[in-house]
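Note sheet for the following structure.
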There are 4 protein chains.
Amino acid sequence: MTEPRNRDTRTKIVEAARDLFWEKGFNSTSIADILSRTQVHSGSLYHFFPGKQDLLVAVLEWYRDGIEENLLAYAWAEVDDPIERIFALLNGYRVMLLTSDYAHGCPIGNLALEISEPDPRVRELIARNFSNWVGAVKACLDGASERLPEDTDKQALAEFVLTIMEGGIMQARTHRDIGLFDRSVAVLRTHFDMLMGQRQAA
Amino acid sequence: MTEPRNRDTRTKIVEAARDLFWEKGFNSTSIADILSRTQVHSGSLYHFFPGKQDLLVAVLEWYRDGIEENLLAYAWAEVDDPIERIFALLNGYRVMLLTSDYAHGCPIGNLALEISEPDPRVRELIARNFSNWVGAVKACLDGASERLPEDTDKQALAEFVLTIMEGGIMQARTHRDIGLFDRSVAVLRTHFDMLMGQRQAA
Amino acid sequence: MTEPRNRDTRTKIVEAARDLFWEKGFNSTSIADILSRTQVHSGSLYHFFPGKQDLLVAVLEWYRDGIEENLLAYAWAEVDDPIERIFALLNGYRVMLLTSDYAHGCPIGNLALEISEPDPRVRELIARNFSNWVGAVKACLDGASERLPEDTDKQALAEFVLTIMEGGIMQARTHRDIGLFDRSVAVLRTHFDMLMGQRQAA
Amino acid sequence: MTEPRNRDTRTKIVEAARDLFWEKGFNSTSIADILSRTQVHSGSLYHFFPGKQDLLVAVLEWYRDGIEENLLAYAWAEVDDPIERIFALLNGYRVMLLTSDYAHGCPIGNLALEISEPDPRVRELIARNFSNWVGAVKACLDGASERLPEDTDKQALAEFVLTIMEGGIMQARTHRDIGLFDRSVAVLRTHFDMLMGQRQAA
DNA sequence: TATGAATGAGTTTTCATTCAT
DNA sequence: TATGAATGAAAACTCATTCAT
């Protein structure tokens, strides 16, 4: 990633695009939306980004590069237990749903479903964002190894947690009812309890 | 639902819209796409549907009204065991992912995330489609009551299955790797095994 | 060519495009130019023509289909001698140069040089327009067979006449001096005189 | 012509502009095209040239100033007979058509027809380029005076040769058939033969 | 001179929708 | 109901040019 000299304009554009894609989706966000929010002229935007897709790429890179400081640091600020960190992470999305009145789901998940014929860069960046998220959860599971059955497929379990998050958000937003999210998380909690119970039983 | 006189044209339009929304998404499908696929003229389309949103409504009604014959009957043709029916249903989506080379996910889930400011009819129809799907799974769980712990929240568990399906599809499509779907389903299977093991143990 | 029902709008567009392409060239004519001259809305234009290239195609078809009534009938109204008809045709371009103050050259020739990467339809239509023009001249030469040497390559000679026309116009416009056109035509006249003199001599 | 200090950059720009105008035409060549081909920045280009027109002027000056070394020296390297030099010159364009697969015609002729409202400098420079070319041919004719009829208008005949060249190239490019060029040149050859035959007969 | 960001009018084209027959 | 022309706002993007450092 070359470091642009004038970070201001470029950054302003990426941040506006990030927010608008999140609020309205990629296709429903027009370049004009981004221009009017940033007070930047079209020529300037196209100076930095050859096309709308490239803006999407930049946004996805922003998420990829900032997962630690923008997401995990915040969610885990006051939680140390690795298993609880997983639920703290999920709780972050819960809070977002409630405070945004169900407007804000998972930004990556939205894009994943909206972009039906993604250019490879986009698909790979979405995949990478998912992998990093799963990787963070997997690290928690690794940190709780001794509480889980020895034959636990931790990678699969971490992916499972992302699955719950995405599926739970989708249902909660649709029903405008946090219960849909909460109940899926509750079942996940049960699942962890059962796994950890097995270990104890053994 | 009022029964239109000329079912042919109206039906042709709904089916084309349904397929295009599935393939390309709602926003990326233009009225012109639908017209050219159906060989219907714009005047005719707007005779039946006041606007694009109404077409979406009709498509969602089609899914809602046809869940039994278009989805469940097919998935459950050769499966009787209620728990296996749940996994047979999930397997239907698995097959769809593979045969469409990850182009076709869950049509309702796609729309759920794509429509950011849905008119109420749309949101409610998506919710209703989810509810019906969950209801079908819940009926399976009810049919397997005696194999599950007595205090199982079957509604929550059914919602959880939908969560797995949507989250699993999202990840599998993104990575273009069915493993992402399979592993989440496998963890769900483990979950059921543990639940049923508890019952046996009791 | 299918005959459109509403010839008015389509014809208005083609005629405006034809005139503008002639006055300003293809690239320098914007769709907006055509719209404002015709008082037609962009949607209507694109209803008839998928793109700007297709408008060019229509304009070239107009020239191709109308060579007889729009060009030859006019130039040959009062001339019967086949050799004189050739010079009458050339004189038509001479008059056009003078009355338009060198703004209007050969519309086909202009396009031939301007379109550097033509789509095949365009190139073939330009070629066809040239061929038809050459064919008309060749018919004159055929009508004057007995005055020309027997071994005259009449096709080549007809092409030569087009060559003179295009090259003469180019120079006259550049110098804004009809002398450049006249002198090339005069040499052509000499050439015909020599050819016909040979015949007489024989 | 003031001699710029940094010939490299200025020259690079002119050469790129010259080539691009030749390949794509003036209007179809964007400043961005020139910048990306030269790896020069817009500020630098506008340092040397106030605007795009001025670049065109510089290109036309390049042609004007280099006709001897870039065109004539090359075409006449191995030809001494003045009449043959004329046909050698024409043959140079023939080779260019063939080796470029009809992409490259006469650079001046293209510009002559493309620029519909030229600023006076441009028109005069194109005219001057034509005059110089004609002057070179006229010099050949002067050198062959004794083989031509005494009353031959050599200026007109030289202009005629340019006419043939431009008209022949236009047709050959349009038809993508060198025959169209060759046949016009062949007729010109006949013309010269007849002229020279007259002299001999006298 | 070089760099490259900024400008903003302009480009072609697409869109959902309306309307006349 | 069917046809398909008309509407006009809005889309993504390009352009030649200017300006600040």
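For the structure tokens, the naming scheme is as follows: chains receive sequential letters (A, B, ...) according to their order of presentation, residues are indexed from 1 within each chain, and ligands are indexed from 1 in presentation order.
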Next item on the list: Step one, run DSSP on the backbone; step two, keep only residues of region 79-132 of chain C assigned to helix (DSSP H, G or I); then write them as a VMD selection string.
Entry: chain C and resid 82 to 99 107 to 114 120 to 132
Item checked: Shell of 10 Å around Gln198 (chain C), only C-alpha atoms (C1' of nucleotides), local chain residues under 3 positions omitted, as an NGL selection string -> (:C and (147-149 or 192-195 or 201-202)) or (:D and (194))
Excluding same-chain residues fewer than 3 positions from Pro107 (chain B), what lies within 10 Å of it counting only C-alpha atoms (C1' of nucleotides), as a JSON list (two decimals) with N, CA, C and O atoms, in the first residue's frame?
[["chain", "number", "residue", "atom", "x", "y", "z"],
["B", 18, "ARG", "N", -38.23, -13.01, -10.00],
["B", 18, "ARG", "CA", -37.71, -13.91, -8.96],
["B", 18, "ARG", "C", -36.31, -14.41, -9.34],
["B", 18, "ARG", "O", -35.37, -14.32, -8.54],
["B", 19, "ASP", "N", -36.18, -14.88, -10.55],
["B", 19, "ASP", "CA", -34.88, -15.44, -10.95],
["B", 19, "ASP", "C", -33.80, -14.36, -11.02],
["B", 19, "ASP", "O", -32.67, -14.57, -10.58],
["B", 21, "PHE", "N", -33.75, -11.43, -9.45],
["B", 21, "PHE", "CA", -33.40, -10.96, -8.10],
["B", 21, "PHE", "C", -32.44, -11.95, -7.44],
["B", 21, "PHE", "O", -31.54, -11.57, -6.70],
["B", 22, "TRP", "N", -32.66, -13.20, -7.72],
["B", 22, "TRP", "CA", -31.82, -14.23, -7.12],
["B", 22, "TRP", "C", -30.41, -14.18, -7.70],
["B", 22, "TRP", "O", -29.41, -14.28, -6.99],
["B", 23, "GLU", "N", -30.37, -14.02, -9.02],
["B", 23, "GLU", "CA", -29.06, -14.07, -9.69],
["B", 23, "GLU", "C", -28.24, -12.79, -9.45],
["B", 23, "GLU", "O", -27.04, -12.85, -9.23],
["B", 25, "GLY", "N", -29.50, -9.84, -7.61],
["B", 25, "GLY", "CA", -29.94, -8.96, -6.53],
["B", 25, "GLY", "C", -31.03, -8.02, -7.01],
["B", 25, "GLY", "O", -31.24, -7.84, -8.21],
["B", 60, "LEU", "N", -41.82, -12.11, -3.20],
["B", 60, "LEU", "CA", -41.76, -12.61, -1.82],
["B", 60, "LEU", "C", -43.04, -13.38, -1.47],
["B", 60, "LEU", "O", -42.99, -14.35, -0.70],
["B", 63, "TYR", "N", -42.61, -16.85, -2.84],
["B", 63, "TYR", "CA", -41.81, -17.71, -1.96],
["B", 63, "TYR", "C", -42.64, -18.13, -0.75],
["B", 63, "TYR", "O", -42.65, -19.29, -0.35],
["B", 104, "HIS", "N", -25.96, -19.11, -6.49],
["B", 104, "HIS", "CA", -27.27, -19.08, -5.85],
["B", 104, "HIS", "C", -27.17, -19.40, -4.38],
["B", 104, "HIS", "O", -26.86, -20.52, -4.00],
["B", 110, "ASN", "N", -30.53, -13.06, 0.80],
["B", 110, "ASN", "CA", -29.92, -12.00, -0.02],
["B", 110, "ASN", "C", -30.75, -10.73, 0.06],
["B", 110, "ASN", "O", -30.22, -9.64, 0.29],
["B", 111, "LEU", "N", -32.03, -10.90, -0.14],
["B", 111, "LEU", "CA", -32.89, -9.72, -0.13],
["B", 111, "LEU", "C", -32.91, -9.08, 1.25],
["B", 111, "LEU", "O", -32.91, -7.86, 1.39],
["B", 112, "ALA", "N", -32.88, -9.91, 2.27],
["B", 112, "ALA", "CA", -32.93, -9.38, 3.64],
["B", 112, "ALA", "C", -31.79, -8.41, 3.88],
["B", 112, "ALA", "O", -31.98, -7.36, 4.51]]
Produce a table with one row for each residue of chain D that has an atom at most 6 Å from any atom of chain C, each row naming the nearest atom pair and its distance in Å at one decimal; use only C-alpha atoms; arrange rows by chain and rising residue number; format as JSON lines.
{"residue": "D:Lys24", "atom": "CA", "partner": "C:Ser116", "partner_atom": "CA", "distance": 5.8}
{"residue": "D:Asn110", "atom": "CA", "partner": "C:Leu113", "partner_atom": "CA", "distance": 5.6}
{"residue": "D:Leu113", "atom": "CA", "partner": "C:Asn110", "partner_atom": "CA", "distance": 5.7}
{"residue": "D:Glu114", "atom": "CA", "partner": "C:Glu114", "partner_atom": "CA", "distance": 5.7}
{"residue": "D:Ser116", "atom": "CA", "partner": "C:Lys24", "partner_atom": "CA", "distance": 5.7}
{"residue": "D:Ala127", "atom": "CA", "partner": "C:His175", "partner_atom": "CA", "distance": 5.6}
{"residue": "D:Ala156", "atom": "CA", "partner": "C:Arg183", "partner_atom": "CA", "distance": 5.5}
{"residue": "D:Phe160", "atom": "CA", "partner": "C:Ser184", "partner_atom": "CA", "distance": 5.1}
{"residue": "D:Thr163", "atom": "CA", "partner": "C:Gly167", "partner_atom": "CA", "distance": 4.0}
{"residue": "D:Ile164", "atom": "CA", "partner": "C:Thr163", "partner_atom": "CA", "distance": 5.8}
{"residue": "D:Glu166", "atom": "CA", "partner": "C:Gly167", "partner_atom": "CA", "distance": 5.2}
{"residue": "D:Gly167", "atom": "CA", "partner": "C:Thr163", "partner_atom": "CA", "distance": 4.0}
{"residue": "D:Gly168", "atom": "CA", "partner": "C:Thr163", "partner_atom": "CA", "distance": 5.7}
{"residue": "D:Thr174", "atom": "CA", "partner": "C:Ala127", "partner_atom": "CA", "distance": 5.6}
{"residue": "D:His175", "atom": "CA", "partner": "C:Ala127", "partner_atom": "CA", "distance": 5.7}
{"residue": "D:Arg183", "atom": "CA", "partner": "C:Ala156", "partner_atom": "CA", "distance": 5.5}
{"residue": "D:Ser184", "atom": "CA", "partner": "C:Phe160", "partner_atom": "CA", "distance": 5.1}
What does the file look like for those residues with all heavy atoms, as a CSV table (one decimal), in the first residue's frame?
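And here's part.csv as it stands now:
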chain,number,residue,atom,x,y,z
D,24,LYS,N,-5.0,7.8,-33.0
D,24,LYS,CA,-6.3,7.9,-32.6
D,24,LYS,C,-7.0,9.1,-33.0
D,24,LYS,O,-8.2,9.3,-32.8
D,24,LYS,CB,-6.4,7.9,-31.0
D,24,LYS,CG,-5.5,6.9,-30.4
D,24,LYS,CD,-5.4,7.0,-28.9
D,24,LYS,CE,-6.8,7.1,-28.3
D,24,LYS,NZ,-6.8,7.0,-26.8
D,110,ASN,N,-5.3,13.4,-41.9
D,110,ASN,CA,-6.3,13.1,-40.8
D,110,ASN,C,-6.6,14.4,-40.0
D,110,ASN,O,-7.8,14.6,-39.8
D,110,ASN,CB,-5.7,12.1,-39.8
D,110,ASN,CG,-5.5,10.7,-40.5
D,110,ASN,OD1,-5.8,10.5,-41.6
D,110,ASN,ND2,-5.0,9.8,-39.7
D,113,LEU,N,-8.9,16.9,-41.8
D,113,LEU,CA,-10.4,16.7,-41.9
D,113,LEU,C,-11.0,16.7,-40.5
D,113,LEU,O,-12.2,16.9,-40.3
D,113,LEU,CB,-10.7,15.4,-42.6
D,113,LEU,CG,-10.6,15.5,-44.1
D,113,LEU,CD1,-11.5,14.4,-44.8
D,113,LEU,CD2,-11.0,16.8,-44.7
D,114,GLU,N,-10.2,16.4,-39.5
D,114,GLU,CA,-10.8,16.2,-38.2
D,114,GLU,C,-11.1,17.5,-37.5
D,114,GLU,O,-12.1,17.7,-36.8
D,114,GLU,CB,-9.9,15.3,-37.3
D,114,GLU,CG,-10.6,15.0,-36.0
D,114,GLU,CD,-9.7,14.2,-35.0
D,114,GLU,OE1,-8.5,14.0,-35.4
D,114,GLU,OE2,-10.1,13.9,-33.9
D,116,SER,N,-12.5,20.7,-37.2
D,116,SER,CA,-13.6,21.4,-38.0
D,116,SER,C,-13.6,22.9,-37.8
D,116,SER,O,-13.8,23.6,-38.7
D,116,SER,CB,-15.0,20.8,-37.6
D,116,SER,OG,-15.1,20.8,-36.2
D,127,ALA,N,-1.9,23.8,-43.7
D,127,ALA,CA,-1.8,24.3,-45.1
D,127,ALA,C,-0.3,24.3,-45.4
D,127,ALA,O,0.1,23.9,-46.5
D,127,ALA,CB,-2.4,25.7,-45.2
D,156,ALA,N,-0.1,22.9,-60.3
D,156,ALA,CA,-1.4,22.2,-60.3
D,156,ALA,C,-1.1,20.7,-60.3
D,156,ALA,O,-1.8,19.9,-59.6
D,156,ALA,CB,-2.3,22.6,-61.5
D,160,PHE,N,-2.1,18.0,-57.5
D,160,PHE,CA,-2.8,16.8,-58.0
D,160,PHE,C,-2.2,15.5,-57.4
D,160,PHE,O,-2.9,14.6,-57.0
D,160,PHE,CB,-2.7,16.7,-59.5
D,160,PHE,CG,-3.7,15.7,-60.1
D,160,PHE,CD1,-5.0,15.9,-60.2
D,160,PHE,CD2,-3.2,14.5,-60.7
D,160,PHE,CE1,-5.9,15.0,-60.8
D,160,PHE,CE2,-4.0,13.6,-61.3
D,160,PHE,CZ,-5.4,13.9,-61.3
D,163,THR,N,-3.4,15.3,-54.0
D,163,THR,CA,-4.8,14.9,-54.0
D,163,THR,C,-4.9,13.3,-54.2
D,163,THR,O,-5.6,12.7,-53.4
D,163,THR,CB,-5.4,15.6,-55.2
D,163,THR,OG1,-5.6,16.9,-54.9
D,163,THR,CG2,-6.8,14.9,-55.5
D,164,ILE,N,-4.1,12.8,-55.1
D,164,ILE,CA,-4.1,11.3,-55.3
D,164,ILE,C,-3.7,10.6,-54.0
D,164,ILE,O,-4.3,9.6,-53.6
D,164,ILE,CB,-3.1,10.9,-56.4
D,164,ILE,CG1,-3.4,11.6,-57.7
D,164,ILE,CG2,-3.2,9.4,-56.6
D,164,ILE,CD1,-4.9,11.6,-58.1
D,166,GLU,N,-3.8,11.6,-50.8
D,166,GLU,CA,-4.8,11.7,-49.7
D,166,GLU,C,-6.1,10.9,-50.1
D,166,GLU,O,-6.6,10.1,-49.2
D,166,GLU,CB,-5.2,13.1,-49.5
D,166,GLU,CG,-4.0,14.0,-48.9
D,166,GLU,CD,-3.6,13.6,-47.5
D,166,GLU,OE1,-4.2,12.7,-46.9
D,166,GLU,OE2,-2.6,14.2,-47.0
D,167,GLY,N,-6.6,11.0,-51.3
D,167,GLY,CA,-7.8,10.3,-51.7
D,167,GLY,C,-7.5,8.8,-51.7
D,167,GLY,O,-8.4,8.0,-51.4
D,168,GLY,N,-6.4,8.4,-52.2
D,168,GLY,CA,-6.0,7.0,-52.3
D,168,GLY,C,-5.9,6.4,-50.9
D,168,GLY,O,-6.4,5.3,-50.7
D,174,THR,N,-10.4,2.7,-45.8
D,174,THR,CA,-11.8,2.4,-45.6
D,174,THR,C,-12.1,1.0,-46.1
D,174,THR,O,-12.8,0.2,-45.4
D,174,THR,CB,-12.7,3.4,-46.4
D,174,THR,OG1,-12.4,4.7,-45.9
D,174,THR,CG2,-14.1,3.0,-46.3
D,175,HIS,N,-11.6,0.6,-47.2
D,175,HIS,CA,-11.8,-0.7,-47.7
D,175,HIS,C,-10.8,-1.8,-47.2
D,175,HIS,O,-11.0,-3.0,-47.4
D,175,HIS,CB,-11.7,-0.7,-49.3
D,175,HIS,CG,-12.9,0.0,-50.0
D,175,HIS,ND1,-14.1,-0.6,-50.1
D,175,HIS,CD2,-12.9,1.3,-50.5
D,175,HIS,CE1,-14.9,0.3,-50.8
D,175,HIS,NE2,-14.2,1.4,-51.0
D,183,ARG,N,-4.6,1.4,-57.5
D,183,ARG,CA,-5.2,1.8,-58.8
D,183,ARG,C,-5.2,3.3,-59.0
D,183,ARG,O,-5.0,3.7,-60.2
D,183,ARG,CB,-6.6,1.2,-58.8
D,183,ARG,CG,-6.6,-0.3,-59.0
D,183,ARG,CD,-8.0,-0.9,-59.4
D,183,ARG,NE,-9.0,-0.8,-58.3
D,183,ARG,CZ,-9.1,-1.7,-57.3
D,183,ARG,NH1,-8.2,-2.8,-57.3
D,183,ARG,NH2,-10.0,-1.6,-56.4
D,184,SER,N,-5.4,4.0,-58.0
D,184,SER,CA,-5.4,5.5,-58.2
D,184,SER,C,-4.0,5.9,-58.6
D,184,SER,O,-3.8,6.8,-59.5
D,184,SER,CB,-5.8,6.3,-56.9
D,184,SER,OG,-7.2,6.3,-56.9
Check: Between C:Thr11, C:Ile86, C:Ala16, C:Gly43, which has the minimum distance to DT17 (chain E) (counting only C-alpha atoms (C1' of nucleotides))?
Finding: C:Gly43
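The gap separating C1' of DA20 (chain F) from CA of Lys12 (chain A) is 19.7 Å, in Å to one decimal.
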Next item on the list: Please report as a list in words which residues of chain F come no farther than 8 Å from chain B, using only C-alpha atoms (C1' of nucleotides).
Entry: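 That gives DT1, DA2, DT3 and DG4 of chain F for chain F.
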